Structures are given as structure tokens and as C-alpha cells.
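Asks: File follows, coords-v4.cif with mmCIF, C-alpha atoms:
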data_upload
loop_
_atom_site.label_atom_id
_atom_site.label_comp_id
_atom_site.auth_asym_id
_atom_site.auth_seq_id
_atom_site.Cartn_x
_atom_site.Cartn_y
_atom_site.Cartn_z
CA GLY A 1 20.60 28.66 38.33
CA SER A 2 18.90 31.86 39.42
CA SER A 3 16.83 32.97 42.40
CA TYR A 4 13.96 34.06 40.12
CA ALA A 5 12.78 34.45 36.52
CA GLU A 6 11.42 37.81 35.42
CA PHE A 7 9.97 39.34 32.29
CA THR A 8 10.17 43.16 32.26
CA SER A 9 9.21 46.00 29.92
CA ILE A 10 6.33 43.97 28.49
CA PRO A 11 4.75 45.97 25.64
CA SER A 12 0.98 46.47 25.51
CA THR A 13 0.68 45.36 21.87
CA TYR A 14 -1.06 42.01 22.44
CA GLN A 15 -4.42 40.81 23.74
CA HIS A 16 -3.04 38.12 26.09
CA LEU A 17 0.29 36.74 27.27
CA GLN A 18 1.44 33.15 27.51
CA ILE A 19 4.43 31.80 29.42
CA ARG A 20 5.65 28.30 28.62
CA GLY A 21 8.34 26.63 30.59
CA ILE A 22 10.04 23.73 32.27
CA ALA A 23 11.59 24.14 35.69
CA ARG A 24 13.23 22.44 38.63
CA THR A 25 14.25 24.06 41.93
CA ASP A 26 16.91 23.29 44.52
CA ARG A 27 14.32 22.48 47.22
CA THR A 28 14.55 18.96 48.67
CA GLY A 29 11.96 16.86 50.43
CA SER A 30 8.87 14.81 49.82
CA PRO A 31 6.89 15.10 47.69
CA ALA A 32 9.53 15.99 45.14
CA GLN A 33 7.77 19.15 44.01
CA ASP A 34 7.89 22.88 44.50
CA ALA A 35 5.92 25.90 43.30
CA PHE A 36 6.53 29.40 42.02
CA ARG A 37 5.14 32.58 43.54
CA ILE A 38 4.02 34.83 40.68
CA THR A 39 3.69 38.60 41.03
CA PHE A 40 2.87 41.35 38.55
CA ASN A 41 4.67 44.72 38.42
CA ASN A 42 6.58 43.85 41.65
CA ASP A 43 3.32 44.18 43.62
CA THR A 44 3.65 42.02 46.76
CA THR A 45 0.63 43.41 48.61
CA THR A 46 -2.22 41.04 49.50
CA VAL A 47 -4.34 41.73 46.40
CA TYR A 48 -4.08 38.27 44.81
CA ALA A 49 -6.33 35.21 44.92
CA HIS A 50 -5.54 31.65 43.85
CA HIS A 51 -7.74 28.61 43.06
CA TYR A 52 -6.52 25.11 42.30
CA LEU A 53 -7.46 21.59 41.28
CA LEU A 54 -4.85 18.90 41.90
CA GLY A 55 -4.74 15.32 40.66
CA ASP A 56 -2.01 12.85 41.61
CA GLY A 57 -3.25 9.62 40.01
CA SER A 58 -5.07 8.38 43.11
CA SER A 59 -7.01 11.37 44.41
CA ALA A 60 -8.15 14.87 43.53
CA THR A 61 -8.12 17.98 45.69
CA ALA A 62 -9.49 21.48 45.16
CA GLY A 63 -9.10 24.67 47.13
CA ALA A 64 -8.70 28.42 47.18
CA ASN A 65 -6.54 31.02 48.86
CA THR A 66 -7.54 34.68 49.02
CA THR A 67 -5.80 37.87 50.15
CA ARG A 68 -2.41 36.51 49.10
CA ALA A 69 0.77 38.39 48.22
CA ASN A 70 1.20 36.28 45.04
CA ILE A 71 -0.36 33.62 42.84
CA LEU A 72 1.01 30.08 43.19
CA LEU A 73 2.11 27.97 40.24
CA ASP A 74 2.33 24.45 41.67
CA GLY A 75 3.59 21.30 39.99
CA VAL A 76 7.27 22.14 39.52
CA SER A 77 9.73 19.37 40.38
CA ASN A 78 12.38 19.86 43.04
CA ASN A 79 15.85 18.44 43.57
CA SER A 80 14.47 15.30 45.28
CA ALA A 81 12.92 14.16 41.99
CA THR A 82 14.87 11.77 39.78
CA SER A 83 17.74 13.52 38.02
CA GLY A 84 16.57 15.23 34.86
CA VAL A 85 12.89 15.42 35.87
CA PHE A 86 11.42 18.89 35.31
CA GLY A 87 7.94 20.26 35.84
CA ALA A 88 6.24 21.69 32.75
CA PHE A 89 3.73 24.55 32.65
CA VAL A 90 1.69 26.86 30.45
CA ILE A 91 0.43 30.15 31.92
CA ASP A 92 -2.13 32.43 30.23
CA VAL A 93 -2.44 36.03 31.44
CA LEU A 94 -5.69 37.36 30.01
CA ASP A 95 -6.27 40.97 28.93
CA TYR A 96 -2.98 41.95 30.58
CA ALA A 97 -2.84 45.43 29.02
CA SER A 98 -6.35 46.51 30.01
CA SER A 99 -6.58 49.43 32.43
CA SER A 100 -10.29 48.92 33.12
CA LYS A 101 -10.42 45.54 34.87
CA TYR A 102 -8.62 43.19 37.26
CA LYS A 103 -6.19 40.70 35.70
CA THR A 104 -6.85 36.97 35.61
CA MET A 105 -4.58 34.10 34.73
CA ARG A 106 -4.89 30.36 34.35
CA HIS A 107 -2.25 27.73 34.18
CA LEU A 108 -1.74 24.02 33.73
CA SER A 109 1.33 22.42 35.21
CA GLY A 110 2.67 19.08 36.29
CA TRP A 111 5.54 16.67 36.63
CA ASP A 112 6.06 12.91 36.53
CA ASN A 113 8.70 11.07 38.56
CA ASN A 114 8.50 7.51 37.22
CA GLY A 115 4.82 7.08 38.08
CA SER A 116 4.47 9.59 40.90
CA GLY A 117 3.87 13.28 40.45
CA SER A 118 0.94 15.62 40.03
CA ILE A 119 -1.13 17.62 37.56
CA TRP A 120 -2.42 21.07 38.55
CA PHE A 121 -5.04 23.30 36.97
CA GLU A 122 -4.97 26.70 38.66
CA SER A 123 -6.31 30.19 38.25
CA GLY A 124 -5.33 33.48 39.79
CA LEU A 125 -6.59 37.01 40.19
CA TRP A 126 -4.61 40.23 40.59
CA GLN A 127 -6.98 42.85 41.94
CA SER A 128 -5.47 45.76 40.08
CA SER A 129 -6.58 47.63 36.98
CA ASN A 130 -2.96 48.49 36.11
CA ALA A 131 -1.59 47.03 32.89
CA VAL A 132 0.89 44.19 33.46
CA THR A 133 4.37 45.41 32.53
CA SER A 134 6.43 42.79 34.39
CA ILE A 135 5.96 39.22 35.64
CA LYS A 136 8.20 37.64 38.28
CA LEU A 137 8.38 33.95 39.22
CA VAL A 138 10.16 33.07 42.48
CA PRO A 139 10.61 29.52 43.85
CA ASN A 140 8.25 28.97 46.78
CA GLY A 141 10.23 26.43 48.83
CA GLY A 142 13.67 26.43 47.26
CA THR A 143 16.01 29.32 46.88
CA ASN A 144 17.10 28.79 43.29
CA ILE A 145 15.84 27.70 39.91
CA LEU A 146 18.17 24.98 38.67
CA GLN A 147 20.21 24.92 35.48
CA TYR A 148 18.40 23.88 32.28
CA SER A 149 15.11 25.37 33.42
CA SER A 150 13.57 27.40 30.62
CA PHE A 151 10.93 30.18 30.45
CA ALA A 152 9.49 31.76 27.28
CA LEU A 153 7.02 34.65 27.02
CA TYR A 154 4.66 34.91 24.04
CA GLY A 155 2.21 37.62 23.03
CA VAL A 156 -1.17 36.43 21.74
CA LYS A 157 -3.08 38.67 19.30
#
Represent the structure of the file as C-alpha cells.
Replies:
Amino acid sequence: GSSYAEFTSIPSTYQHLQIRGIARTDRTGSPAQDAFRITFNNDTTTVYAHHYLLGDGSSATAGANTTRANILLDGVSNNSATSGVFGAFVIDVLDYASSSKYKTMRHLSGWDNNGSGSIWFESGLWQSSNAVTSIKLVPNGGTNILQYSSFALYGVK
């Protein structure tokens, strides 16, 4: 396990970035899920915004959070989920190398715990025109990412 996952020294040779992963944190409690706080270039000032749509099989919820210090990636399972249950996610960071506009991202994530769980569609905004050179994911409620979690960064031409 680790207290965070981070991609550093990201080259500016692609149009977009994609992160694919599965994860589980050491948080406990109900519901059996956690989230990641995502930041770019170690910027933790309140220049982020986050929008979400959540479905859990019986209801749907939508909302937004502005002037945040990070973007949330919900739908990651925690240590109260059945053993071996991980949340899965795909994150797209659009036009990450541009120095002329704010950065946007979208992600789809979710987990299933034998019929319970949730699916999240979320978007985020980093109000900075700086190119993204690093991305950090920190568990929101737990303190560690558990063993067998996996994160992969891809460049998209």
C-alpha cells in the first residue's frame, strides 16, 4: 500500500492523457466506498471545480462543488467492501499540455459489492493555464491505497 499515487515528469508530447486503474483504500465504514482527491502540479489552492452524477441502482443524484482544493474521483471501494472488491476508473485529462486554457477532465468510475455499489460520471476543472506536468491521487477518507491497486497513465495523440 501507499498513501498516494503520483505521475511526475509528464512530457508534453500528447494531445490528452488517460489514467486507467483499479483501487481500494483502507477506509472502513458504510457505504463501502471511498474517493481520491486529484491535484495537478501539486497545486492545492482552491482553483478546482467538480461536477458529478451518481447512480446506485435505485436512485440518481447530481451536484457540483466549486472553489475546491482538488477534484474528487468517487466510486473507489474501501476496506469494508467484500474482500477482493476494487473500484475501477478511467480518467481523461483533456488538452493537458496547453498553456492557453484551463484544464478539464472527465472520469467514469464505480464498484460493485455483490449487488450494492455505485457508478459515477464526474468532471473537473483546474483553473490554471499551466501545462500539467504531474498528477497526484490521494485517498479522501482512508490513509492508504491497498495492495493490488493499479494505476496506468497513457498519452493519447
Asks: If I take CA of Ser30 in chain A and CA of Ile119 in chain A, how far is one from the other in Å, to one decimal?
Replies: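 The value is 16.1 Å.
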Asks: Compile the contact shell of Ser128 in chain A as a PyMOL selection string: residues with an atom at most 12 Å away, counting all atoms listed in the file, same-chain residues fewer than 2 positions apart removed.
Replies: chain A and resi 39-41+43-49+96-104+125-126+130-132
Asks: Grab the CA of Ile10 in chain A to CA of Gly155 in chain A distance for me, in Å with one decimal place.
Replies: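 Rounded to one decimal, the two atoms are 9.3 Å apart.
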Asks: Expand the PyMOL selection byres ((chain A and resi 144-146) around 9) into the individual residues it matches in the shown file, reporting them as a list in words.
Replies: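 With the PyMOL selection byres ((chain A and resi 144-146) around 9) on this model, the match is Gly1, Ser2, Ser3, Tyr4, Ala5, Ala23, Arg24, Thr25, Asp26, Arg27, Asn78, Asn79, Val138, Pro139, Gly142, Thr143, Gln147, Tyr148 and Ser149 of chain A.
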Asks: When you draw a straight line from CA of Phe151 in chain A to CA of Thr8 in chain A, how long is it in Å?
Replies: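 Computing it gives 13.1 Å between the two atoms.
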Asks: A:Met105, A:Ala69, A:Ala64, A:Ala35: which is nearest Ile22 in chain A, counting all atoms listed in the file?
Replies: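 The shortest atom-to-atom distance to Ile22 in chain A comes from A:Ala35.
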Asks: Using all atoms listed in the file, can you tell me which of A:Ser134, A:Asn140, A:Thr66, A:Thr82 comes closest to Leu153 in chain A?
Replies: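 Going through A:Ser134, A:Asn140, A:Thr66, A:Thr82 one by one, the smallest distance to Leu153 in chain A is for A:Ser134.
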Asks: Step by step, gather every atom of range 16-19 of chain A that the file lists, find the box along x, y and z that holds them, add 3 Å on each side, and finally give centre and edge lengths in Å to one decimal, as JSON.
Replies:
{"center_x": 0.7, "center_y": 35.0, "center_z": 27.8, "size_x": 13.5, "size_y": 12.3, "size_z": 9.3}
Asks: Determine the residue membership of the PyMOL selection byres ((chain A and resi 156) around 9) for the file above and supply it as a list in words.
Replies: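 This file gives the following for the PyMOL selection byres ((chain A and resi 156) around 9): Tyr14, Gln15, His16, Leu17, Gln18, Tyr154, Gly155 and Lys157 of chain A.
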Asks: Which is closer to Asn70 in chain A than all the others in A:Asn114, A:Thr28, A:Gln127, A:Gln33, using all atoms listed in the file?
Replies: A:Gln127
Asks: Using the chain letters and numbers from this file, what does the PyMOL selection byres ((chain A and resi 54-61) around 10) select? Give the answer as a list of chain:residue names.
Replies: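 Residues picked by the PyMOL selection byres ((chain A and resi 54-61) around 10): A:Tyr52, A:Leu53, A:Ala62, A:Gly63, A:Asp74, A:Gly75, A:Ser109, A:Gly110, A:Trp111, A:Asp112, A:Gly115, A:Ser116, A:Gly117, A:Ser118, A:Ile119, A:Trp120, A:Phe121, A:Glu122.
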Asks: Name all residues at most 9 Å from His107 in chain A (count only C-alpha atoms; drop same-chain ones fewer than 5 positions away) and give them as a PyMOL selection string.
Replies: chain A and resi 73+89-93+120-124
Asks: For Ala32 in chain A, please output as a list of chain:residue names all residues within 6 Å (counting only C-alpha atoms; exclusion window: fewer than 6 positions along the same chain).
Replies: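 Answer for this query is A:Ser77, A:Asn78, A:Ser80, A:Ala81.
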Asks: Which one of A:Ile38, A:Ala88, A:Leu94, A:Ile135 sits closest to Leu108 in chain A if you count all atoms listed in the file?
Replies: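 Checking each of A:Ile38, A:Ala88, A:Leu94, A:Ile135 against Leu108 in chain A, counting all atoms listed in the file, the winner is A:Ala88.
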Asks: Counting all atoms listed in the file, which residue out of A:Thr67, A:Asp95, A:Asn113, A:Lys136 sits closest to Ser9 in chain A?
Replies: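 Using all atoms listed in the file, Ser9 in chain A sits closest to A:Lys136.
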